[in-house]
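K.L.:
This is the structure, below, for whatever I ask next.
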Amino acid sequence: MEAQAGYNGAMKQDDFLRGQIEDRIRQASDSYMMTATAFLDPHERAVAEEAAKAPIGREIRRVFTGGYPDAERVVLLCLPDYVGDPAEAENEVLTVIRASVPAGGRKLRHSDYLGSLMGLGIERSVTGDILVRENGADIIVLKEMAAFLLDNYAKAGRSYLTLEEVPLSALIVPEGARELHRDTVASLRLDSVAASAFGLSRAKAQEAIRKGLVYLNSVEELRTDRAVEEGDRIVLRGKGKVRLTAVGGRSRKDRLYIEYETYL
């Protein structure tokens with residue numbers, strides 16, 4: 001009963017989100033002006049992608065962006081045709097709060113920044129990705145939240161922060177540590193590659209995909225037989241992220257050689 005109640009609750013949330021997406025598109029069409037959502041997590045993006053296909057009003061471009069190409073959390077921009085460059089619209093909606101920690105202090109983790117932000121009483125949907133580096137972090141936020149954060153966000157973990165607002169063009173995307181692995185798989189189906197990359201049985205990988213826990217190139221993927229290609233990124237919630245870097249020939253047992261990077 002509890003599982004069914006949870007499922008019904010999730011369905012209602014998805015239905016509510018679909019309605020919000022359609023409203024944003026309709027507003028952009030009716031008023032002939034740009035509209036935007038708050039930040040969407042990967043599951044919400046998958047729901048929004050479907051909702052954004054609805055033929056509502058005049059033609060409105062639908063663009064998902066999170067401030068940089070590999071963003072996990074994104075907003076949907078609904079753009080009339082007079083908006084030539086989506087980057088201009090992106091800069092109207094998003095900005096970056098750069099947080100710096102004192103020299104010699106311990107390196108803060110993603111959870112330190114996120115926990116202290118949520119401690120301010122704000123919704124997670126007003127902040128995007130938090131890009132952590134050795135001496136601080138760049139936090140992508142809705143532009144409307146910048147002044148509030150500059151005035152109120154002072155501390156993460158036990159470290160006091162120095163804050164400044166910088167444009168998206170100045171965003172620092174740290175190069176994460178990666179580890180290269182080689183294996184063989186029966187095919188380039190998502191369930192097969194995910195099983196190899198995350199150390200799962202094929203059945204467990206299929207179960208995770210069907211539960212909506214697996215994302216292919218930042219989009220929730222529910223099809224176990226979806227083909228994976230070189231360069232694709234796979235995320236399994238709670239397990240991490242990998243990128244398929246190479247596909248080779250076949251082994252004597254007719255299995256495909258693959259290489260993939262694990263993000264550490």
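Ligands are numbered from 1 in the order shown, residues from 1 within each chain, and chains are lettered A, B, ... in the order they appear in the structure tokens.
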Which neighbours of Thr184 in chain A fall inside 12 Å, counting only C-alpha atoms, when residues of the same chain fewer than 5 positions from it are skipped, and could you give them as a ChimeraX atom specification?

P.N.:
/A:192-197,246-260

K.L.:
Kindly export the residues of the current selection with N, CA and C atoms, as a PDB file, in the first residue's frame.

P.N.:
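Wrote again04.pdb, looks like this:
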```pdb
ATOM      1  N   SER A 192      23.169  -3.606 -20.959  1.00  0.00           N
ATOM      2  CA  SER A 192      24.419  -4.345 -21.002  1.00  0.00           C
ATOM      3  C   SER A 192      25.603  -3.465 -20.601  1.00  0.00           C
ATOM      4  N   VAL A 193      25.663  -2.259 -21.154  1.00  0.00           N
ATOM      5  CA  VAL A 193      26.770  -1.356 -20.842  1.00  0.00           C
ATOM      6  C   VAL A 193      26.686  -0.889 -19.388  1.00  0.00           C
ATOM      7  N   ALA A 194      25.486  -0.572 -18.907  1.00  0.00           N
ATOM      8  CA  ALA A 194      25.327  -0.136 -17.519  1.00  0.00           C
ATOM      9  C   ALA A 194      25.714  -1.240 -16.545  1.00  0.00           C
ATOM     10  N   ALA A 195      25.358  -2.482 -16.854  1.00  0.00           N
ATOM     11  CA  ALA A 195      25.727  -3.601 -15.991  1.00  0.00           C
ATOM     12  C   ALA A 195      27.237  -3.704 -15.859  1.00  0.00           C
ATOM     13  N   SER A 196      27.948  -3.559 -16.984  1.00  0.00           N
ATOM     14  CA  SER A 196      29.402  -3.603 -16.962  1.00  0.00           C
ATOM     15  C   SER A 196      29.979  -2.424 -16.181  1.00  0.00           C
ATOM     16  N   ALA A 197      29.510  -1.227 -16.481  1.00  0.00           N
ATOM     17  CA  ALA A 197      30.100  -0.016 -15.910  1.00  0.00           C
ATOM     18  C   ALA A 197      29.889   0.105 -14.411  1.00  0.00           C
ATOM     19  N   ALA A 246      35.241   4.334 -26.017  1.00  0.00           N
ATOM     20  CA  ALA A 246      35.645   3.617 -27.224  1.00  0.00           C
ATOM     21  C   ALA A 246      34.917   2.289 -27.334  1.00  0.00           C
ATOM     22  N   VAL A 247      34.651   1.905 -28.572  1.00  0.00           N
ATOM     23  CA  VAL A 247      34.083   0.585 -28.878  1.00  0.00           C
ATOM     24  C   VAL A 247      35.019  -0.085 -29.866  1.00  0.00           C
ATOM     25  N   GLY A 248      35.511  -1.294 -29.518  1.00  0.00           N
ATOM     26  CA  GLY A 248      36.468  -1.982 -30.371  1.00  0.00           C
ATOM     27  C   GLY A 248      35.845  -3.122 -31.155  1.00  0.00           C
ATOM     28  N   GLY A 249      36.678  -4.083 -31.474  1.00  0.00           N
ATOM     29  CA  GLY A 249      36.198  -5.239 -32.222  1.00  0.00           C
ATOM     30  C   GLY A 249      35.538  -6.255 -31.313  1.00  0.00           C
ATOM     31  N   ARG A 250      35.460  -7.491 -31.822  1.00  0.00           N
ATOM     32  CA  ARG A 250      34.790  -8.552 -31.064  1.00  0.00           C
ATOM     33  C   ARG A 250      35.793  -9.588 -30.568  1.00  0.00           C
ATOM     34  N   SER A 251      35.472 -10.154 -29.423  1.00  0.00           N
ATOM     35  CA  SER A 251      36.308 -11.204 -28.858  1.00  0.00           C
ATOM     36  C   SER A 251      35.997 -12.540 -29.530  1.00  0.00           C
ATOM     37  N   ARG A 252      36.737 -13.566 -29.130  1.00  0.00           N
ATOM     38  CA  ARG A 252      36.490 -14.895 -29.691  1.00  0.00           C
ATOM     39  C   ARG A 252      35.105 -15.414 -29.330  1.00  0.00           C
ATOM     40  N   LYS A 253      34.566 -14.887 -28.242  1.00  0.00           N
ATOM     41  CA  LYS A 253      33.219 -15.289 -27.824  1.00  0.00           C
ATOM     42  C   LYS A 253      32.154 -14.345 -28.384  1.00  0.00           C
ATOM     43  N   ASP A 254      32.550 -13.541 -29.374  1.00  0.00           N
ATOM     44  CA  ASP A 254      31.642 -12.632 -30.076  1.00  0.00           C
ATOM     45  C   ASP A 254      31.074 -11.547 -29.163  1.00  0.00           C
ATOM     46  N   ARG A 255      31.892 -11.104 -28.210  1.00  0.00           N
ATOM     47  CA  ARG A 255      31.514  -9.984 -27.353  1.00  0.00           C
ATOM     48  C   ARG A 255      32.280  -8.742 -27.796  1.00  0.00           C
ATOM     49  N   LEU A 256      31.672  -7.568 -27.578  1.00  0.00           N
ATOM     50  CA  LEU A 256      32.279  -6.308 -27.997  1.00  0.00           C
ATOM     51  C   LEU A 256      33.239  -5.785 -26.929  1.00  0.00           C
ATOM     52  N   TYR A 257      34.423  -5.343 -27.375  1.00  0.00           N
ATOM     53  CA  TYR A 257      35.343  -4.670 -26.464  1.00  0.00           C
ATOM     54  C   TYR A 257      34.883  -3.216 -26.288  1.00  0.00           C
ATOM     55  N   ILE A 258      34.860  -2.744 -25.040  1.00  0.00           N
ATOM     56  CA  ILE A 258      34.532  -1.342 -24.776  1.00  0.00           C
ATOM     57  C   ILE A 258      35.537  -0.752 -23.795  1.00  0.00           C
ATOM     58  N   GLU A 259      35.669   0.571 -23.860  1.00  0.00           N
ATOM     59  CA  GLU A 259      36.413   1.332 -22.854  1.00  0.00           C
ATOM     60  C   GLU A 259      35.479   2.399 -22.304  1.00  0.00           C
ATOM     61  N   TYR A 260      35.552   2.634 -21.012  1.00  0.00           N
ATOM     62  CA  TYR A 260      34.731   3.700 -20.424  1.00  0.00           C
ATOM     63  C   TYR A 260      35.474   4.365 -19.283  1.00  0.00           C
TER      64      TYR A 260
END
```

K.L.:
May I have the residues within 10 Å of range 141-148 of chain A as an mmCIF file with N, CA, C and O atoms, in the first residue's frame, using only C-alpha atoms and disregarding those fewer than 3 positions away in the same chain?

P.N.:
```cif
data_model
loop_
_atom_site.group_PDB
_atom_site.id
_atom_site.type_symbol
_atom_site.label_atom_id
_atom_site.label_comp_id
_atom_site.auth_asym_id
_atom_site.auth_seq_id
_atom_site.Cartn_x
_atom_site.Cartn_y
_atom_site.Cartn_z
ATOM 1 N N THR A 37 11.269 28.094 -16.889
ATOM 2 C CA THR A 37 10.941 27.335 -15.681
ATOM 3 C C THR A 37 12.022 27.557 -14.637
ATOM 4 O O THR A 37 13.052 28.192 -14.902
ATOM 5 N N ALA A 38 11.803 27.009 -13.457
ATOM 6 C CA ALA A 38 12.864 26.885 -12.468
ATOM 7 C C ALA A 38 13.747 25.708 -12.885
ATOM 8 O O ALA A 38 13.524 25.080 -13.926
ATOM 9 N N PHE A 39 14.762 25.386 -12.103
ATOM 10 C CA PHE A 39 15.648 24.281 -12.439
ATOM 11 C C PHE A 39 14.930 22.945 -12.301
ATOM 12 O O PHE A 39 14.150 22.731 -11.373
ATOM 13 N N GLY A 66 21.484 24.542 -18.739
ATOM 14 C CA GLY A 66 21.853 24.677 -17.327
ATOM 15 C C GLY A 66 23.071 25.540 -17.131
ATOM 16 O O GLY A 66 23.686 25.528 -16.067
ATOM 17 N N GLY A 67 23.466 26.274 -18.182
ATOM 18 C CA GLY A 67 24.606 27.177 -18.052
ATOM 19 C C GLY A 67 25.879 26.668 -18.684
ATOM 20 O O GLY A 67 26.806 27.442 -18.938
ATOM 21 N N VAL A 75 17.097 24.481 -16.903
ATOM 22 C CA VAL A 75 15.824 25.191 -17.018
ATOM 23 C C VAL A 75 15.327 25.029 -18.450
ATOM 24 O O VAL A 75 16.115 24.754 -19.364
ATOM 25 N N GLU A 90 19.555 32.830 -22.155
ATOM 26 C CA GLU A 90 20.151 32.124 -21.020
ATOM 27 C C GLU A 90 20.775 33.108 -20.040
ATOM 28 O O GLU A 90 20.620 32.982 -18.823
ATOM 29 N N ASN A 91 21.451 34.120 -20.563
ATOM 30 C CA ASN A 91 22.102 35.108 -19.700
ATOM 31 C C ASN A 91 21.113 36.019 -18.991
ATOM 32 O O ASN A 91 21.449 36.639 -17.985
ATOM 33 N N GLU A 92 19.899 36.105 -19.515
ATOM 34 C CA GLU A 92 18.865 36.885 -18.835
ATOM 35 C C GLU A 92 18.273 36.121 -17.661
ATOM 36 O O GLU A 92 17.739 36.717 -16.731
ATOM 37 N N VAL A 93 18.350 34.801 -17.712
ATOM 38 C CA VAL A 93 17.681 33.961 -16.715
ATOM 39 C C VAL A 93 18.647 33.424 -15.666
ATOM 40 O O VAL A 93 18.297 33.312 -14.489
ATOM 41 N N LEU A 94 19.881 33.111 -16.083
ATOM 42 C CA LEU A 94 20.833 32.447 -15.194
ATOM 43 C C LEU A 94 22.045 33.326 -14.905
ATOM 44 O O LEU A 94 22.442 34.148 -15.729
ATOM 45 N N THR A 95 22.629 33.119 -13.748
ATOM 46 C CA THR A 95 23.883 33.776 -13.396
ATOM 47 C C THR A 95 24.670 32.841 -12.484
ATOM 48 O O THR A 95 24.196 31.756 -12.135
ATOM 49 N N VAL A 96 25.861 33.267 -12.111
ATOM 50 C CA VAL A 96 26.754 32.429 -11.302
ATOM 51 C C VAL A 96 27.131 33.169 -10.028
ATOM 52 O O VAL A 96 27.548 34.338 -10.072
ATOM 53 N N ILE A 97 26.969 32.502 -8.901
ATOM 54 C CA ILE A 97 27.488 32.992 -7.635
ATOM 55 C C ILE A 97 28.796 32.252 -7.370
ATOM 56 O O ILE A 97 28.798 31.028 -7.221
ATOM 57 N N LEU A 120 19.171 28.032 4.149
ATOM 58 C CA LEU A 120 18.640 29.395 4.026
ATOM 59 C C LEU A 120 17.127 29.399 3.821
ATOM 60 O O LEU A 120 16.508 30.460 3.782
ATOM 61 N N ILE A 122 15.604 28.208 1.062
ATOM 62 C CA ILE A 122 15.232 28.354 -0.346
ATOM 63 C C ILE A 122 14.889 26.992 -0.936
ATOM 64 O O ILE A 122 15.244 25.949 -0.387
ATOM 65 N N ARG A 124 15.206 23.985 -3.723
ATOM 66 C CA ARG A 124 16.297 23.448 -4.549
ATOM 67 C C ARG A 124 16.147 23.894 -6.000
ATOM 68 O O ARG A 124 17.140 24.018 -6.725
ATOM 69 N N SER A 125 14.929 24.182 -6.423
ATOM 70 C CA SER A 125 14.663 24.520 -7.819
ATOM 71 C C SER A 125 15.201 25.887 -8.241
ATOM 72 O O SER A 125 15.190 26.202 -9.430
ATOM 73 N N VAL A 126 15.697 26.696 -7.305
ATOM 74 C CA VAL A 126 16.232 28.004 -7.692
ATOM 75 C C VAL A 126 17.739 27.945 -7.914
ATOM 76 O O VAL A 126 18.347 28.924 -8.329
ATOM 77 N N THR A 127 18.352 26.790 -7.630
ATOM 78 C CA THR A 127 19.782 26.630 -7.844
ATOM 79 C C THR A 127 20.036 25.466 -8.792
ATOM 80 O O THR A 127 19.350 24.448 -8.742
ATOM 81 N N GLY A 128 21.021 25.643 -9.652
ATOM 82 C CA GLY A 128 21.393 24.597 -10.593
ATOM 83 C C GLY A 128 22.569 23.803 -10.079
ATOM 84 O O GLY A 128 22.683 23.517 -8.890
ATOM 85 N N ASP A 129 23.484 23.470 -10.974
ATOM 86 C CA ASP A 129 24.654 22.682 -10.591
ATOM 87 C C ASP A 129 25.579 23.501 -9.692
ATOM 88 O O ASP A 129 25.692 24.728 -9.835
ATOM 89 N N ILE A 130 26.256 22.796 -8.803
ATOM 90 C CA ILE A 130 27.266 23.387 -7.928
ATOM 91 C C ILE A 130 28.605 22.780 -8.354
ATOM 92 O O ILE A 130 28.836 21.580 -8.165
ATOM 93 N N ASP A 138 31.541 27.367 -8.015
ATOM 94 C CA ASP A 138 30.645 28.209 -8.811
ATOM 95 C C ASP A 138 29.251 27.602 -8.730
ATOM 96 O O ASP A 138 29.071 26.420 -9.039
ATOM 97 N N ASP A 151 23.471 38.553 -0.163
ATOM 98 C CA ASP A 151 23.207 39.174 1.145
ATOM 99 C C ASP A 151 23.151 38.167 2.290
ATOM 100 O O ASP A 151 23.429 38.527 3.442
ATOM 101 N N ASN A 152 22.810 36.910 1.997
ATOM 102 C CA ASN A 152 22.490 35.977 3.076
ATOM 103 C C ASN A 152 23.351 34.715 3.137
ATOM 104 O O ASN A 152 23.370 34.041 4.163
ATOM 105 N N TYR A 153 24.037 34.399 2.067
ATOM 106 C CA TYR A 153 24.812 33.155 2.046
ATOM 107 C C TYR A 153 26.233 33.461 2.498
ATOM 108 O O TYR A 153 27.030 34.018 1.753
ATOM 109 N N GLU A 164 30.831 36.571 -4.953
ATOM 110 C CA GLU A 164 30.679 37.581 -6.001
ATOM 111 C C GLU A 164 29.810 36.982 -7.101
ATOM 112 O O GLU A 164 29.748 35.761 -7.272
ATOM 113 N N GLU A 165 29.130 37.836 -7.829
ATOM 114 C CA GLU A 165 28.350 37.388 -8.975
ATOM 115 C C GLU A 165 29.183 37.555 -10.233
ATOM 116 O O GLU A 165 29.778 38.621 -10.462
#
```

K.L.:
If you run DSSP on the backbone here, which positions in range 113-206 of chain A get strand (DSSP E)? Please write them as JSON, numbers by chain.

P.N.:
{"A": [127, 128, 129, 130, 131, 132, 133, 136, 137, 138, 139, 140, 141, 142, 155, 156, 159, 160, 162, 163, 164, 165, 166, 178, 179, 180, 181, 182, 183, 184, 185]}

K.L.:
How far is it from CA of Cys78 in chain A to CA of Pro167 in chain A, in Å with one decimal?

P.N.:
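These two atoms are separated by 21.1 Å.
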
K.L.:
Looking only at the backbone, which of the residues in range 33-186 of chain A does DSSP tag as helix (DSSP H, G or I), as a PyMOL selection string?

P.N.:
chain A and resi 42-51+86-93+110-118+124-126+143-152+168-170

K.L.:
I need the residue nearest Tyr263 in chain A from this list: A:Leu180, A:Leu163, A:Leu117, A:Leu216. Use only C-alpha atoms for the distance.

P.N.:
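Once distances to Tyr263 in chain A are computed over only C-alpha atoms, the minimum belongs to A:Leu180.
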
K.L.:
So that I can see what lies close to Glu229 in chain A, please list as an MDAnalysis selection string the residues with an atom at most 10 Å from it, counting only C-alpha atoms and leaving out residues fewer than 3 positions away in the same chain.

P.N.:
chainID A and resid 188:190 226 232:233 243:247

K.L.:
Dump N, CA, C and O atoms for the selected residues as an mmCIF file, in the first residue's frame?

P.N.:
```cif
data_model
loop_
_atom_site.group_PDB
_atom_site.id
_atom_site.type_symbol
_atom_site.label_atom_id
_atom_site.label_comp_id
_atom_site.auth_asym_id
_atom_site.auth_seq_id
_atom_site.Cartn_x
_atom_site.Cartn_y
_atom_site.Cartn_z
ATOM 1 N N LEU A 188 25.709 -3.255 -27.334
ATOM 2 C CA LEU A 188 25.746 -1.862 -26.875
ATOM 3 C C LEU A 188 24.384 -1.401 -26.361
ATOM 4 O O LEU A 188 24.102 -0.203 -26.324
ATOM 5 N N ARG A 189 23.548 -2.352 -25.952
ATOM 6 C CA ARG A 189 22.300 -1.982 -25.274
ATOM 7 C C ARG A 189 22.635 -1.292 -23.954
ATOM 8 O O ARG A 189 23.637 -1.599 -23.308
ATOM 9 N N LEU A 190 21.775 -0.372 -23.550
ATOM 10 C CA LEU A 190 21.999 0.357 -22.309
ATOM 11 C C LEU A 190 22.120 -0.573 -21.109
ATOM 12 O O LEU A 190 22.985 -0.370 -20.245
ATOM 13 N N ARG A 226 17.883 0.563 -25.313
ATOM 14 C CA ARG A 226 18.366 1.773 -25.983
ATOM 15 C C ARG A 226 19.844 1.599 -26.357
ATOM 16 O O ARG A 226 20.661 1.193 -25.525
ATOM 17 N N ASP A 232 28.794 8.779 -25.208
ATOM 18 C CA ASP A 232 27.604 8.893 -24.364
ATOM 19 C C ASP A 232 27.977 8.816 -22.885
ATOM 20 O O ASP A 232 28.880 8.069 -22.489
ATOM 21 N N ARG A 233 27.249 9.570 -22.074
ATOM 22 C CA ARG A 233 27.423 9.554 -20.620
ATOM 23 C C ARG A 233 26.243 8.829 -19.983
ATOM 24 O O ARG A 233 25.094 9.073 -20.351
ATOM 25 N N ARG A 243 31.478 7.506 -18.849
ATOM 26 C CA ARG A 243 31.373 7.906 -20.256
ATOM 27 C C ARG A 243 31.988 6.815 -21.110
ATOM 28 O O ARG A 243 33.118 6.376 -20.856
ATOM 29 N N LEU A 244 31.251 6.361 -22.104
ATOM 30 C CA LEU A 244 31.755 5.347 -23.027
ATOM 31 C C LEU A 244 32.731 6.028 -23.987
ATOM 32 O O LEU A 244 32.337 6.875 -24.777
ATOM 33 N N THR A 245 33.998 5.669 -23.916
ATOM 34 C CA THR A 245 35.027 6.369 -24.684
ATOM 35 C C THR A 245 35.409 5.655 -25.971
ATOM 36 O O THR A 245 35.892 6.299 -26.908
ATOM 37 N N ALA A 246 35.241 4.334 -26.017
ATOM 38 C CA ALA A 246 35.645 3.617 -27.224
ATOM 39 C C ALA A 246 34.917 2.289 -27.334
ATOM 40 O O ALA A 246 34.607 1.648 -26.320
ATOM 41 N N VAL A 247 34.651 1.905 -28.572
ATOM 42 C CA VAL A 247 34.083 0.585 -28.878
ATOM 43 C C VAL A 247 35.019 -0.085 -29.866
ATOM 44 O O VAL A 247 35.340 0.483 -30.916
#
```

K.L.:
Nearest to Glu44 in chain A: which of A:Ala227, A:Val83, A:Leu200, A:Ile21 is it, counting only C-alpha atoms?

P.N.:
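Using only C-alpha atoms, Glu44 in chain A sits closest to A:Ile21.
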
K.L.:
Would you mind reading off the distance between CA of Ser116 in chain A and CA of Arg237 in chain A, one decimal, in Å?

P.N.:
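Value for the CA of Ser116 in chain A-CA of Arg237 in chain A distance: 22.2 Å.
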
K.L.:
Identify, on the basis of only C-alpha atoms, every residue whose closest approach to Pro80 in chain A does not exceed 8 Å; exclude the query and any residue fewer than 3 positions from it along the same chain; express the result as a list in words.

P.N.:
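Selected residues are Ala28, Ser29, Tyr32, Met33, Met34, Glu59, Ile60, Arg61 and Val83 of chain A.
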
K.L.:
In Å, rounded to a single decimal, give me how far CA of Val173 in chain A is from CA of Val214 in chain A.

P.N.:
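A separation of 23.3 Å between them.
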